[in-house]
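Below: one structure, written as structure tokens.
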Amino acid sequence: MNEREKYNKIIFPDNLKHWREDSQLSQEEVVEKMGITVEEWQRMEQGEKEMSYTFLIRLCKTFGVSSDDILFYHKKSFMDIGHEFATRTLTEEEQGKFESQKGKL
């Protein structure tokens with residue numbers, strides 16, 4: 001599976017589910033707000049249908065977030081993986097990447 005397929009089949013559907021659950025909305029409530037069918041939403045949330053730009057705009061309005069939030073939210077945040085770094089020493093390569101990014105934060 002290439003990166004685009006992975007995004008369309010795994011990451012984006014997970015992002016949709018996150019924003020729906022974070023908004024405390026059922027699938028029925030989301031589709032009512034967006035003016036789509038439950039089947040269309042389910043296909044999107046299962047990674048069976050690709051998103052259009054119009055759909056993205058409606059998502060942003062429905063959830064009150066930016067397109068970056070919709071597209072690039074990742075379930076595994078730094079807080080989720082912080083313990084992994086606390087229990088081991090960074091490799092030289094990881095340390096170099098960290099140092100190079102430090103000034104950009």
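Labels used: A, B, ... for chains in the order of the structure tokens, numbers from 1 for residues in each chain, and numbers from 1 for ligands as shown.
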Contact residues around Ser67 of chain A with only C-alpha atoms at 12 Å, ignoring same-chain residues under 3 positions, as a ChimeraX atom specification: /A:12,15-16,19,53-64,70-73
From A:Glu40, A:Gln46, A:Ser23, A:Gly35, residue lying nearest Asn8 of chain A [only C-alpha atoms]: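 Nearest to Asn8 of chain A: A:Gln46.
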Near-Glu48 of chain A list (9 Å; only C-alpha atoms; drop same-chain fewer than 3 positions) as a list in words: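 Counting only C-alpha atoms, the residues come to Asn8, Lys9, Pro13, Gln42, Arg43, Met44 and Glu45 of chain A.
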Just to be explicit: take each residue in the selection above, keep N, CA and C atoms, and write the result as a PDB file, in the first residue's frame.
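Listing of selection_17.pdb after writing:
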```
ATOM      1  N   ASN A   8      -5.753   7.401   2.569  1.00  0.00           N
ATOM      2  CA  ASN A   8      -7.168   7.304   2.229  1.00  0.00           C
ATOM      3  C   ASN A   8      -7.879   6.164   2.947  1.00  0.00           C
ATOM      4  N   LYS A   9      -7.182   5.072   3.189  1.00  0.00           N
ATOM      5  CA  LYS A   9      -7.810   3.885   3.780  1.00  0.00           C
ATOM      6  C   LYS A   9      -7.704   3.829   5.301  1.00  0.00           C
ATOM      7  N   PRO A  13      -9.900   8.119   7.407  1.00  0.00           N
ATOM      8  CA  PRO A  13     -11.087   7.597   8.106  1.00  0.00           C
ATOM      9  C   PRO A  13     -10.963   7.705   9.627  1.00  0.00           C
ATOM     10  N   GLN A  42     -20.666   6.587   6.200  1.00  0.00           N
ATOM     11  CA  GLN A  42     -20.057   5.319   6.598  1.00  0.00           C
ATOM     12  C   GLN A  42     -18.959   4.901   5.628  1.00  0.00           C
ATOM     13  N   ARG A  43     -19.196   5.102   4.336  1.00  0.00           N
ATOM     14  CA  ARG A  43     -18.168   4.772   3.339  1.00  0.00           C
ATOM     15  C   ARG A  43     -16.922   5.643   3.521  1.00  0.00           C
ATOM     16  N   MET A  44     -17.112   6.911   3.880  1.00  0.00           N
ATOM     17  CA  MET A  44     -15.976   7.797   4.129  1.00  0.00           C
ATOM     18  C   MET A  44     -15.228   7.347   5.388  1.00  0.00           C
ATOM     19  N   GLU A  45     -15.977   7.045   6.443  1.00  0.00           N
ATOM     20  CA  GLU A  45     -15.373   6.671   7.716  1.00  0.00           C
ATOM     21  C   GLU A  45     -14.704   5.298   7.649  1.00  0.00           C
TER      22      GLU A  45
END
```
Separation of atom CA of Ile10 of chain A from atom CA of Met34 of chain A, in Å and rounded to one decimal: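 Calculated distance between atom CA of Ile10 of chain A and atom CA of Met34 of chain A is 22.1 Å.
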Atom-to-atom span, atom CA of Val31 of chain A and atom CA of Glu5 of chain A, Å: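 Pair atom CA of Val31 of chain A / atom CA of Glu5 of chain A returns 24.7 Å.
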Computed interatomic separation between atom CA of Glu39 of chain A and atom CA of Gln27 of chain A (Å):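 The value is 9.7 Å.
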